[in-house]
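Colleague: Starting off with a structure, shown below.
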Amino acid sequence: MSFRAEFLRQLPAVSAATFEAAALALFRHQAAHCPPYAAYLRQLGRAPAAVGALADIPFLPIEFFKTHDVRTEPAAWGPQEEFLSSGTTRQQRSRHLLRDPQLYRDNAARIFEQFYGPLPGWTFLALLPSYLEQGQSSLVAMVDDFARRSGQVQPAFFLHDHGALRRALAEAQRAPSRRVLLIGVSYALLDLAAEAGPAPELQGLTVLETGGMKGRRRELIREELHQELQRAFGPAGIHSEYGMTELLSQAYSLGDGRFHAPSPLRVLLRDPADPFDVAERRPDGAINVIDLANIDSCAFIETKDLAVQHSDGSFEVLGRMDNSDVRGCNQLVA
């Protein structure tokens with residue numbers, strides 16, 4: 001059995017106790033078989049054999065997904081699907097090339113169910129206009145797959161028709177056996193909240209914001225954003241997703257502002273002034289991500305996000321590092 005087949009067979013069973021061994025095995029594989037990552041390691045003068053702990057792993061700067069085809073074993077496959085980050089015509093968008101699109105969907109579904117329970121117990125309604133308009137969004141693909149797996153009757157996506165969305169929310173809440181999740185980009189949720197106010201159909205939902213202002217509104221810290229949304233959607237905590245085009249896994253905040261990583265994903269923080277000073281437990285710093293589901297691209301990514309980390313491993317995103325480009329999955333400012 002190939003390394004890839006055996007790794008994917010074991011991926012759903014990865015736990016906190018087995019994560020490090022799995023990550024180090026994947027690091028050695030990608031150090032040999034992911035050409036952009038291998039070239040980066042050579043440029044650093046870092047011998048893969050000398051890496052014996054998670055904090056020793058060199059993380060690939062996320063900008064590589066804009067400038068390179070980040071693929072592991074590229075001679076063995078051609079892309080079956082391509083996800084693009086949000087952006088403008090003046091910005092080059094990140095590209096995540098997928099060998100197996102079903103891997104992304106299955107992994108995302110397992111993660112959602114880890115935090116929220118079975119998909120058939122939910123109705124998914126989405127307000128993601130910029131992602132729909134730009135196309136090739138991993139978030140849109142995920143929500144579409146969730147809606148299909150849930151067996152819901154209502155359409156999932158609403159571009160700019162808030163009236164149709166409000167009617168769908170009211171209808172969905174009449175199904176007693178289902179919970180309703182409204183997932184939206186931040187500026188669109190704020191537009192809906194400003195238009196509808198505390199309307200009855202906006203109460204009793206689980207609201208999940210994915211970030212994203214993109215110059216449409218004044219930048220808000222997360223606490224301000226959630227307070228504004230709660231005026232329309234009620235006092236229950238606003239949930240959040242931490243995900244991005246370059247990852248196949250997502251972390252979720254269940255209403256308390258703290259993101260919790262699922263079993264295939266782990267966040268390590270680095271010193272913002274020294275990208276190679278990484279620690280498994282650091283109170284604050286810039287985010288490095290290990291995503292074991294990225295077996296076909298690169299699992300070790302250096303982001304431009306800043307965070308604080310708590311003793312239980314949960315983390316709060318503070319904002320973006322200075323001089324980094326604004327990205328659709330993070331609307332926060334420090």
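Scheme for the structure tokens: letters A, B, ... for chains in order shown; per-chain residue numbers from 1; ligand numbers from 1 in order shown.
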Excluding Pro48 of chain A and its own-chain neighbours fewer than 4 positions away, which residues fall within 9 Å of it when counting only C-alpha atoms? Please give them as a list in words.
Modeller: Phe27, Arg28, Ala31, Ala32, Leu41, Gly52 and Ile57 of chain A
Colleague: Go ahead and write the residues just picked, N, CA and C atoms, as a PDB file, in the first residue's frame.
Modeller:
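Written output follows (selection18.pdb):
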```pdb
ATOM      1  N   PHE A  27       5.518  15.055   7.160  1.00  0.00           N
ATOM      2  CA  PHE A  27       6.588  16.010   6.865  1.00  0.00           C
ATOM      3  C   PHE A  27       7.702  15.343   6.061  1.00  0.00           C
ATOM      4  N   ARG A  28       8.153  14.193   6.485  1.00  0.00           N
ATOM      5  CA  ARG A  28       9.240  13.528   5.765  1.00  0.00           C
ATOM      6  C   ARG A  28       8.820  13.189   4.340  1.00  0.00           C
ATOM      7  N   ALA A  31       8.614  16.545   2.400  1.00  0.00           N
ATOM      8  CA  ALA A  31       9.952  17.103   2.201  1.00  0.00           C
ATOM      9  C   ALA A  31      10.648  16.448   1.010  1.00  0.00           C
ATOM     10  N   ALA A  32      10.267  15.214   0.709  1.00  0.00           N
ATOM     11  CA  ALA A  32      10.871  14.497  -0.417  1.00  0.00           C
ATOM     12  C   ALA A  32      10.066  14.616  -1.701  1.00  0.00           C
ATOM     13  N   LEU A  41      13.038  24.014   1.680  1.00  0.00           N
ATOM     14  CA  LEU A  41      13.875  23.427   2.725  1.00  0.00           C
ATOM     15  C   LEU A  41      15.355  23.474   2.339  1.00  0.00           C
ATOM     16  N   GLY A  52      12.836  16.516  14.496  1.00  0.00           N
ATOM     17  CA  GLY A  52      12.327  15.459  15.367  1.00  0.00           C
ATOM     18  C   GLY A  52      11.129  15.850  16.207  1.00  0.00           C
ATOM     19  N   ILE A  57       9.717  21.785  12.625  1.00  0.00           N
ATOM     20  CA  ILE A  57       9.338  21.733  11.211  1.00  0.00           C
ATOM     21  C   ILE A  57       9.364  23.138  10.612  1.00  0.00           C
TER      22      ILE A  57
END
```
Colleague: With only C-alpha atoms as the atoms that count, which of A:Ala147, A:Ala286, A:Ala21, A:Ala232 lies nearest to Val317 of chain A?
Modeller: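 Residue with the minimum atom-to-atom distance to Val317 of chain A: A:Ala286.
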Colleague: Find, counting only C-alpha atoms, the residue in A:Ala164, A:Ile62, A:Val51, A:Leu254 that gets nearest to Ile287 of chain A.
Modeller: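 Nearest to Ile287 of chain A: A:Ile62.
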Colleague: DSSP on the backbone: what in segment 278-313 of chain A comes out strand (DSSP E), as a list in words?
Modeller: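 Answer for segment 278-313 of chain A, restricted to strand (DSSP E): Val278, Ala279, Asp284, Gly285, Ala286, Ile287, Asn288, Val289, Ile290, Asp291, Phe300, Ile301, Glu302, Thr303, Lys304, Asp305, Leu306, Ala307, Val308 and Gln309 of chain A.
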Colleague: Got a sec to tell me which of segment 77-306 of chain A DSSP assigns to helix (DSSP H, G or I), as number ranges by chain?
Modeller: A: 101-116, 119-121, 129-134, 138-150, 162-172, 186-196, 200-202, 222-233
Colleague: Neighbouring residues of Asp284 of chain A were defined as those with any atom within 10 Å, considering only C-alpha atoms; residues of the same chain fewer than 6 positions away were excluded. Please report them as JSON, numbers by chain.
Modeller: {"A": [268, 269, 270, 271, 272, 306, 307, 308, 309, 310, 315, 316, 317, 318]}
Colleague: May I have the selected residues written with N, CA, C and O atoms, as a PDB file, in the first residue's frame?
Modeller:
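again.pdb was written with the following content:
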```pdb
ATOM      1  N   LEU A 268       0.220  26.067  15.873  1.00  0.00           N
ATOM      2  CA  LEU A 268       1.393  26.412  16.665  1.00  0.00           C
ATOM      3  C   LEU A 268       1.670  27.895  16.435  1.00  0.00           C
ATOM      4  O   LEU A 268       1.429  28.407  15.333  1.00  0.00           O
ATOM      5  N   LEU A 269       2.162  28.576  17.452  1.00  0.00           N
ATOM      6  CA  LEU A 269       2.449  29.996  17.305  1.00  0.00           C
ATOM      7  C   LEU A 269       3.946  30.224  17.202  1.00  0.00           C
ATOM      8  O   LEU A 269       4.745  29.529  17.813  1.00  0.00           O
ATOM      9  N   ARG A 270       4.303  31.222  16.415  1.00  0.00           N
ATOM     10  CA  ARG A 270       5.703  31.597  16.226  1.00  0.00           C
ATOM     11  C   ARG A 270       5.891  33.044  16.667  1.00  0.00           C
ATOM     12  O   ARG A 270       4.938  33.820  16.745  1.00  0.00           O
ATOM     13  N   ASP A 271       7.133  33.384  16.903  1.00  0.00           N
ATOM     14  CA  ASP A 271       7.497  34.761  17.167  1.00  0.00           C
ATOM     15  C   ASP A 271       7.296  35.552  15.864  1.00  0.00           C
ATOM     16  O   ASP A 271       7.882  35.205  14.837  1.00  0.00           O
ATOM     17  N   PRO A 272       6.462  36.599  15.841  1.00  0.00           N
ATOM     18  CA  PRO A 272       6.243  37.338  14.592  1.00  0.00           C
ATOM     19  C   PRO A 272       7.523  37.910  13.990  1.00  0.00           C
ATOM     20  O   PRO A 272       7.595  38.143  12.784  1.00  0.00           O
ATOM     21  N   LEU A 306      -2.417  36.662  13.517  1.00  0.00           N
ATOM     22  CA  LEU A 306      -1.933  36.747  14.890  1.00  0.00           C
ATOM     23  C   LEU A 306      -2.969  36.186  15.837  1.00  0.00           C
ATOM     24  O   LEU A 306      -4.174  36.321  15.606  1.00  0.00           O
ATOM     25  N   ALA A 307      -2.510  35.561  16.924  1.00  0.00           N
ATOM     26  CA  ALA A 307      -3.442  34.908  17.834  1.00  0.00           C
ATOM     27  C   ALA A 307      -2.879  34.884  19.243  1.00  0.00           C
ATOM     28  O   ALA A 307      -1.682  35.064  19.464  1.00  0.00           O
ATOM     29  N   VAL A 308      -3.781  34.643  20.192  1.00  0.00           N
ATOM     30  CA  VAL A 308      -3.391  34.229  21.537  1.00  0.00           C
ATOM     31  C   VAL A 308      -3.858  32.794  21.704  1.00  0.00           C
ATOM     32  O   VAL A 308      -4.862  32.382  21.120  1.00  0.00           O
ATOM     33  N   GLN A 309      -3.110  32.020  22.478  1.00  0.00           N
ATOM     34  CA  GLN A 309      -3.440  30.612  22.672  1.00  0.00           C
ATOM     35  C   GLN A 309      -3.639  30.334  24.148  1.00  0.00           C
ATOM     36  O   GLN A 309      -2.913  30.856  24.998  1.00  0.00           O
ATOM     37  N   HIS A 310      -4.639  29.512  24.440  1.00  0.00           N
ATOM     38  CA  HIS A 310      -4.984  29.186  25.826  1.00  0.00           C
ATOM     39  C   HIS A 310      -4.419  27.816  26.200  1.00  0.00           C
ATOM     40  O   HIS A 310      -3.981  27.050  25.344  1.00  0.00           O
ATOM     41  N   PHE A 315      -7.651  28.867  20.621  1.00  0.00           N
ATOM     42  CA  PHE A 315      -6.961  30.100  20.263  1.00  0.00           C
ATOM     43  C   PHE A 315      -7.960  31.165  19.831  1.00  0.00           C
ATOM     44  O   PHE A 315      -9.062  30.866  19.370  1.00  0.00           O
ATOM     45  N   GLU A 316      -7.560  32.406  20.013  1.00  0.00           N
ATOM     46  CA  GLU A 316      -8.342  33.560  19.558  1.00  0.00           C
ATOM     47  C   GLU A 316      -7.532  34.301  18.512  1.00  0.00           C
ATOM     48  O   GLU A 316      -6.357  34.592  18.721  1.00  0.00           O
ATOM     49  N   VAL A 317      -8.148  34.598  17.383  1.00  0.00           N
ATOM     50  CA  VAL A 317      -7.476  35.315  16.311  1.00  0.00           C
ATOM     51  C   VAL A 317      -7.575  36.811  16.592  1.00  0.00           C
ATOM     52  O   VAL A 317      -8.663  37.347  16.799  1.00  0.00           O
ATOM     53  N   LEU A 318      -6.426  37.479  16.588  1.00  0.00           N
ATOM     54  CA  LEU A 318      -6.378  38.904  16.910  1.00  0.00           C
ATOM     55  C   LEU A 318      -6.419  39.786  15.676  1.00  0.00           C
ATOM     56  O   LEU A 318      -6.917  40.903  15.723  1.00  0.00           O
TER      57      LEU A 318
END
```
Colleague: When distances are computed from only C-alpha atoms, which of A:Leu169, A:Ala22, A:Gly45, A:Ile290 shows the smallest separation from Gln10 of chain A?
Modeller: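 Of all the options, A:Ala22 lies closest to Gln10 of chain A.
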Colleague: Hey, could you make a per-residue contact list for segment 30-148 of chain A against segment 170-177 of chain A with 9 Å as the cut-off, showing the nearest pair of atoms and its distance in Å to one decimal, counting only C-alpha atoms, sorted by chain and number, as a tab-separated table?
Modeller:
```
residue	atom	partner	partner_atom	distance
A:Gly121	CA	A:Ser177	CA	6.8
A:Trp122	CA	A:Ser177	CA	8.5
A:Thr123	CA	A:Ala172	CA	6.9
```
Colleague: Restricting the output to all heavy atoms, write the selected residues as a PDB file, in the first residue's frame.
Modeller:
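Result went into result11.pdb, see below:
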```
ATOM      1  N   GLY A 121     -29.323  16.567  10.786  1.00  0.00           N
ATOM      2  CA  GLY A 121     -30.072  17.306  11.798  1.00  0.00           C
ATOM      3  C   GLY A 121     -30.080  18.803  11.577  1.00  0.00           C
ATOM      4  O   GLY A 121     -30.616  19.551  12.404  1.00  0.00           O
ATOM      5  N   TRP A 122     -29.520  19.261  10.436  1.00  0.00           N
ATOM      6  CA  TRP A 122     -29.375  20.684  10.190  1.00  0.00           C
ATOM      7  C   TRP A 122     -29.981  21.080   8.844  1.00  0.00           C
ATOM      8  O   TRP A 122     -30.028  20.290   7.901  1.00  0.00           O
ATOM      9  CB  TRP A 122     -27.893  21.075  10.162  1.00  0.00           C
ATOM     10  CG  TRP A 122     -27.229  21.021  11.492  1.00  0.00           C
ATOM     11  CD1 TRP A 122     -26.618  19.941  12.075  1.00  0.00           C
ATOM     12  CD2 TRP A 122     -27.111  22.097  12.426  1.00  0.00           C
ATOM     13  NE1 TRP A 122     -26.121  20.287  13.299  1.00  0.00           N
ATOM     14  CE2 TRP A 122     -26.401  21.604  13.546  1.00  0.00           C
ATOM     15  CE3 TRP A 122     -27.504  23.444  12.419  1.00  0.00           C
ATOM     16  CZ2 TRP A 122     -26.106  22.411  14.645  1.00  0.00           C
ATOM     17  CZ3 TRP A 122     -27.211  24.241  13.509  1.00  0.00           C
ATOM     18  CH2 TRP A 122     -26.518  23.719  14.610  1.00  0.00           C
ATOM     19  N   THR A 123     -30.406  22.337   8.765  1.00  0.00           N
ATOM     20  CA  THR A 123     -30.684  23.001   7.492  1.00  0.00           C
ATOM     21  C   THR A 123     -29.674  24.128   7.341  1.00  0.00           C
ATOM     22  O   THR A 123     -29.491  24.936   8.250  1.00  0.00           O
ATOM     23  CB  THR A 123     -32.109  23.566   7.454  1.00  0.00           C
ATOM     24  OG1 THR A 123     -33.049  22.487   7.496  1.00  0.00           O
ATOM     25  CG2 THR A 123     -32.338  24.386   6.184  1.00  0.00           C
TER      26      THR A 123
END
```
Colleague: Could you tell me which of A:Gln152, A:Leu202, A:Gln250, A:Ala23 comes closest to Tyr104 of chain A if we count only C-alpha atoms?
Modeller: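 Of all the options, A:Gln250 lies closest to Tyr104 of chain A.
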Colleague: Which neighbours of Ala108 of chain A fall inside 12 Å, counting only C-alpha atoms, when residues of the same chain fewer than 2 positions from it are skipped, and could you give them as number ranges by chain?
Modeller: A: 12, 101-106, 110-116, 119, 138-139, 141-146, 149, 241, 243, 247-252, 262-265, 291, 293
Colleague: Keeping only C-alpha atoms, take the residues you just selected and write them out as a PDB file, in the first residue's frame.
Modeller:
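And here is the file that came out, out.pdb:
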```pdb
ATOM      1  CA  PRO A  12     -10.017   9.707  10.517  1.00  0.00           C
ATOM      2  CA  PRO A 101     -12.196  16.626  -4.325  1.00  0.00           C
ATOM      3  CA  GLN A 102     -14.095  14.066  -2.245  1.00  0.00           C
ATOM      4  CA  LEU A 103     -11.291  14.090   0.342  1.00  0.00           C
ATOM      5  CA  TYR A 104     -12.017  17.757   1.063  1.00  0.00           C
ATOM      6  CA  ARG A 105     -15.750  17.210   1.358  1.00  0.00           C
ATOM      7  CA  ASP A 106     -15.494  14.094   3.528  1.00  0.00           C
ATOM      8  CA  ARG A 110     -16.334  14.821   9.656  1.00  0.00           C
ATOM      9  CA  ILE A 111     -15.064  18.015  11.264  1.00  0.00           C
ATOM     10  CA  PHE A 112     -18.475  19.675  11.271  1.00  0.00           C
ATOM     11  CA  GLU A 113     -20.048  16.611  12.827  1.00  0.00           C
ATOM     12  CA  GLN A 114     -17.275  16.487  15.436  1.00  0.00           C
ATOM     13  CA  PHE A 115     -18.458  19.878  16.717  1.00  0.00           C
ATOM     14  CA  TYR A 116     -22.130  20.070  15.731  1.00  0.00           C
ATOM     15  CA  LEU A 119     -25.493  16.795   9.188  1.00  0.00           C
ATOM     16  CA  SER A 138     -13.836  26.085  -1.047  1.00  0.00           C
ATOM     17  CA  LEU A 139     -16.376  27.561   1.392  1.00  0.00           C
ATOM     18  CA  ALA A 141     -18.208  23.864  -2.080  1.00  0.00           C
ATOM     19  CA  MET A 142     -18.334  22.896   1.593  1.00  0.00           C
ATOM     20  CA  VAL A 143     -21.733  24.461   2.275  1.00  0.00           C
ATOM     21  CA  ASP A 144     -23.184  22.984  -0.908  1.00  0.00           C
ATOM     22  CA  ASP A 145     -21.989  19.530   0.140  1.00  0.00           C
ATOM     23  CA  PHE A 146     -23.358  19.963   3.669  1.00  0.00           C
ATOM     24  CA  ARG A 149     -25.822  15.526   2.832  1.00  0.00           C
ATOM     25  CA  GLU A 241     -15.097  29.398  11.314  1.00  0.00           C
ATOM     26  CA  GLY A 243     -10.510  28.258   7.477  1.00  0.00           C
ATOM     27  CA  LEU A 247      -6.386  24.417   4.110  1.00  0.00           C
ATOM     28  CA  LEU A 248      -8.719  21.457   3.790  1.00  0.00           C
ATOM     29  CA  SER A 249      -9.664  21.522   7.503  1.00  0.00           C
ATOM     30  CA  GLN A 250     -11.501  24.114   9.580  1.00  0.00           C
ATOM     31  CA  ALA A 251     -11.486  25.201  13.217  1.00  0.00           C
ATOM     32  CA  TYR A 252     -14.706  26.396  14.832  1.00  0.00           C
ATOM     33  CA  PRO A 262     -10.359  19.385  14.999  1.00  0.00           C
ATOM     34  CA  SER A 263      -8.326  16.191  15.114  1.00  0.00           C
ATOM     35  CA  PRO A 264      -6.557  16.662  11.701  1.00  0.00           C
ATOM     36  CA  LEU A 265      -5.461  20.229  12.449  1.00  0.00           C
ATOM     37  CA  ASP A 291      -3.347  20.351   8.397  1.00  0.00           C
ATOM     38  CA  ALA A 293      -5.702  16.629   5.275  1.00  0.00           C
TER      39      ALA A 293
END
```
Colleague: Considering only C-alpha atoms, state which residue in the set A:Ala299, A:Leu165, A:Met321, A:Met1 is at the smallest distance from Leu60 of chain A.
Modeller: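 Result for the nearest residue to Leu60 of chain A: A:Ala299.
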Colleague: Please identify all polymer residues within 6 Å of Val289 of chain A, counting only C-alpha atoms, omitting same-chain residues fewer than 3 positions from it, and present them as a PyMOL selection string.
Modeller: chain A and resi 266-267+300-301
Colleague: Considering only C-alpha atoms, state which residue in the set A:Glu201, A:Glu195, A:Asp100, A:Asp296 is at the smallest distance from Arg4 of chain A.
Modeller: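 Of A:Glu201, A:Glu195, A:Asp100, A:Asp296, the one nearest Arg4 of chain A, counting only C-alpha atoms, is A:Asp296.
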Colleague: Can you pull out the residues contacting Gly237 of chain A? Cut-off 12 Å, using only C-alpha atoms, and skip same-chain residues under 3 positions away; I want them as a PDB file with N, CA, C and O atoms, in the first residue's frame.
Modeller:
```
ATOM      1  N   GLY A 204     -33.331  32.380  17.249  1.00  0.00           N
ATOM      2  CA  GLY A 204     -33.244  30.934  17.439  1.00  0.00           C
ATOM      3  C   GLY A 204     -32.365  30.218  16.443  1.00  0.00           C
ATOM      4  O   GLY A 204     -32.390  28.983  16.368  1.00  0.00           O
ATOM      5  N   LEU A 205     -31.579  30.957  15.659  1.00  0.00           N
ATOM      6  CA  LEU A 205     -30.680  30.347  14.694  1.00  0.00           C
ATOM      7  C   LEU A 205     -29.316  30.107  15.319  1.00  0.00           C
ATOM      8  O   LEU A 205     -28.967  30.683  16.342  1.00  0.00           O
ATOM      9  N   THR A 206     -28.521  29.271  14.665  1.00  0.00           N
ATOM     10  CA  THR A 206     -27.084  29.265  14.895  1.00  0.00           C
ATOM     11  C   THR A 206     -26.465  30.076  13.769  1.00  0.00           C
ATOM     12  O   THR A 206     -26.609  29.728  12.596  1.00  0.00           O
ATOM     13  N   VAL A 207     -25.835  31.188  14.114  1.00  0.00           N
ATOM     14  CA  VAL A 207     -25.240  32.086  13.118  1.00  0.00           C
ATOM     15  C   VAL A 207     -23.736  31.869  13.131  1.00  0.00           C
ATOM     16  O   VAL A 207     -23.090  31.976  14.172  1.00  0.00           O
ATOM     17  N   LEU A 208     -23.181  31.561  11.963  1.00  0.00           N
ATOM     18  CA  LEU A 208     -21.752  31.288  11.835  1.00  0.00           C
ATOM     19  C   LEU A 208     -21.166  32.273  10.836  1.00  0.00           C
ATOM     20  O   LEU A 208     -21.512  32.249   9.654  1.00  0.00           O
ATOM     21  N   GLU A 209     -20.294  33.174  11.337  1.00  0.00           N
ATOM     22  CA  GLU A 209     -19.657  34.139  10.443  1.00  0.00           C
ATOM     23  C   GLU A 209     -18.284  33.629  10.044  1.00  0.00           C
ATOM     24  O   GLU A 209     -17.581  33.008  10.827  1.00  0.00           O
ATOM     25  N   ARG A 222     -13.476  41.341  16.434  1.00  0.00           N
ATOM     26  CA  ARG A 222     -14.506  40.301  16.495  1.00  0.00           C
ATOM     27  C   ARG A 222     -15.582  40.615  17.528  1.00  0.00           C
ATOM     28  O   ARG A 222     -16.771  40.379  17.288  1.00  0.00           O
ATOM     29  N   GLU A 223     -15.194  41.157  18.687  1.00  0.00           N
ATOM     30  CA  GLU A 223     -16.181  41.452  19.715  1.00  0.00           C
ATOM     31  C   GLU A 223     -17.205  42.472  19.227  1.00  0.00           C
ATOM     32  O   GLU A 223     -18.408  42.331  19.474  1.00  0.00           O
ATOM     33  N   LEU A 225     -18.038  43.079  16.055  1.00  0.00           N
ATOM     34  CA  LEU A 225     -18.839  42.420  15.028  1.00  0.00           C
ATOM     35  C   LEU A 225     -19.942  41.581  15.664  1.00  0.00           C
ATOM     36  O   LEU A 225     -21.117  41.667  15.290  1.00  0.00           O
ATOM     37  N   HIS A 226     -19.580  40.773  16.645  1.00  0.00           N
ATOM     38  CA  HIS A 226     -20.558  39.881  17.257  1.00  0.00           C
ATOM     39  C   HIS A 226     -21.611  40.655  18.034  1.00  0.00           C
ATOM     40  O   HIS A 226     -22.791  40.268  18.051  1.00  0.00           O
ATOM     41  N   GLN A 227     -21.224  41.752  18.670  1.00  0.00           N
ATOM     42  CA  GLN A 227     -22.209  42.564  19.371  1.00  0.00           C
ATOM     43  C   GLN A 227     -23.231  43.151  18.410  1.00  0.00           C
ATOM     44  O   GLN A 227     -24.435  43.169  18.702  1.00  0.00           O
ATOM     45  N   GLU A 228     -22.768  43.618  17.254  1.00  0.00           N
ATOM     46  CA  GLU A 228     -23.699  44.155  16.261  1.00  0.00           C
ATOM     47  C   GLU A 228     -24.642  43.068  15.756  1.00  0.00           C
ATOM     48  O   GLU A 228     -25.843  43.287  15.590  1.00  0.00           O
ATOM     49  N   LEU A 229     -24.108  41.891  15.495  1.00  0.00           N
ATOM     50  CA  LEU A 229     -24.954  40.800  15.001  1.00  0.00           C
ATOM     51  C   LEU A 229     -25.959  40.349  16.045  1.00  0.00           C
ATOM     52  O   LEU A 229     -27.101  40.010  15.717  1.00  0.00           O
ATOM     53  N   GLN A 230     -25.568  40.361  17.293  1.00  0.00           N
ATOM     54  CA  GLN A 230     -26.467  39.907  18.349  1.00  0.00           C
ATOM     55  C   GLN A 230     -27.673  40.816  18.520  1.00  0.00           C
ATOM     56  O   GLN A 230     -28.715  40.379  19.014  1.00  0.00           O
ATOM     57  N   ARG A 231     -27.563  42.061  18.104  1.00  0.00           N
ATOM     58  CA  ARG A 231     -28.720  42.956  18.176  1.00  0.00           C
ATOM     59  C   ARG A 231     -29.848  42.468  17.282  1.00  0.00           C
ATOM     60  O   ARG A 231     -31.021  42.696  17.559  1.00  0.00           O
ATOM     61  N   PHE A 233     -29.810  39.031  15.850  1.00  0.00           N
ATOM     62  CA  PHE A 233     -29.985  37.583  15.914  1.00  0.00           C
ATOM     63  C   PHE A 233     -30.202  37.053  17.321  1.00  0.00           C
ATOM     64  O   PHE A 233     -30.346  35.843  17.510  1.00  0.00           O
ATOM     65  N   GLY A 234     -30.195  37.931  18.319  1.00  0.00           N
ATOM     66  CA  GLY A 234     -30.446  37.486  19.681  1.00  0.00           C
ATOM     67  C   GLY A 234     -29.171  37.314  20.472  1.00  0.00           C
ATOM     68  O   GLY A 234     -28.061  37.396  19.943  1.00  0.00           O
ATOM     69  N   SER A 240     -18.101  31.088  14.738  1.00  0.00           N
ATOM     70  CA  SER A 240     -17.149  31.497  13.707  1.00  0.00           C
ATOM     71  C   SER A 240     -16.417  30.282  13.165  1.00  0.00           C
ATOM     72  O   SER A 240     -16.291  29.261  13.845  1.00  0.00           O
ATOM     73  N   SER A 253     -15.308  28.193  16.292  1.00  0.00           N
ATOM     74  CA  SER A 253     -15.625  28.826  17.562  1.00  0.00           C
ATOM     75  C   SER A 253     -17.118  28.662  17.795  1.00  0.00           C
ATOM     76  O   SER A 253     -17.935  29.032  16.945  1.00  0.00           O
ATOM     77  N   LEU A 254     -17.489  28.115  18.936  1.00  0.00           N
ATOM     78  CA  LEU A 254     -18.878  27.756  19.199  1.00  0.00           C
ATOM     79  C   LEU A 254     -19.618  28.839  19.976  1.00  0.00           C
ATOM     80  O   LEU A 254     -20.552  28.555  20.715  1.00  0.00           O
ATOM     81  N   GLY A 255     -19.206  30.077  19.783  1.00  0.00           N
ATOM     82  CA  GLY A 255     -19.934  31.186  20.377  1.00  0.00           C
ATOM     83  C   GLY A 255     -19.210  31.893  21.497  1.00  0.00           C
ATOM     84  O   GLY A 255     -19.712  32.892  22.020  1.00  0.00           O
ATOM     85  N   ASP A 256     -18.026  31.409  21.869  1.00  0.00           N
ATOM     86  CA  ASP A 256     -17.292  32.032  22.971  1.00  0.00           C
ATOM     87  C   ASP A 256     -16.042  32.774  22.503  1.00  0.00           C
ATOM     88  O   ASP A 256     -15.265  33.259  23.322  1.00  0.00           O
ATOM     89  N   GLY A 257     -15.852  32.871  21.186  1.00  0.00           N
ATOM     90  CA  GLY A 257     -14.700  33.586  20.650  1.00  0.00           C
ATOM     91  C   GLY A 257     -13.433  32.770  20.556  1.00  0.00           C
ATOM     92  O   GLY A 257     -12.444  33.236  19.999  1.00  0.00           O
ATOM     93  N   ARG A 258     -13.436  31.550  21.082  1.00  0.00           N
ATOM     94  CA  ARG A 258     -12.245  30.706  21.042  1.00  0.00           C
ATOM     95  C   ARG A 258     -12.410  29.629  19.976  1.00  0.00           C
ATOM     96  O   ARG A 258     -13.399  28.895  19.966  1.00  0.00           O
TER      97      ARG A 258
END
```
Colleague: I want to know what sits within 6 Å of Gly184 of chain A, based on only C-alpha atoms, with residues of the same chain fewer than 5 positions away left out; could you give that as an NGL selection string?
Modeller: :A and (126-128 or 189 or 209)
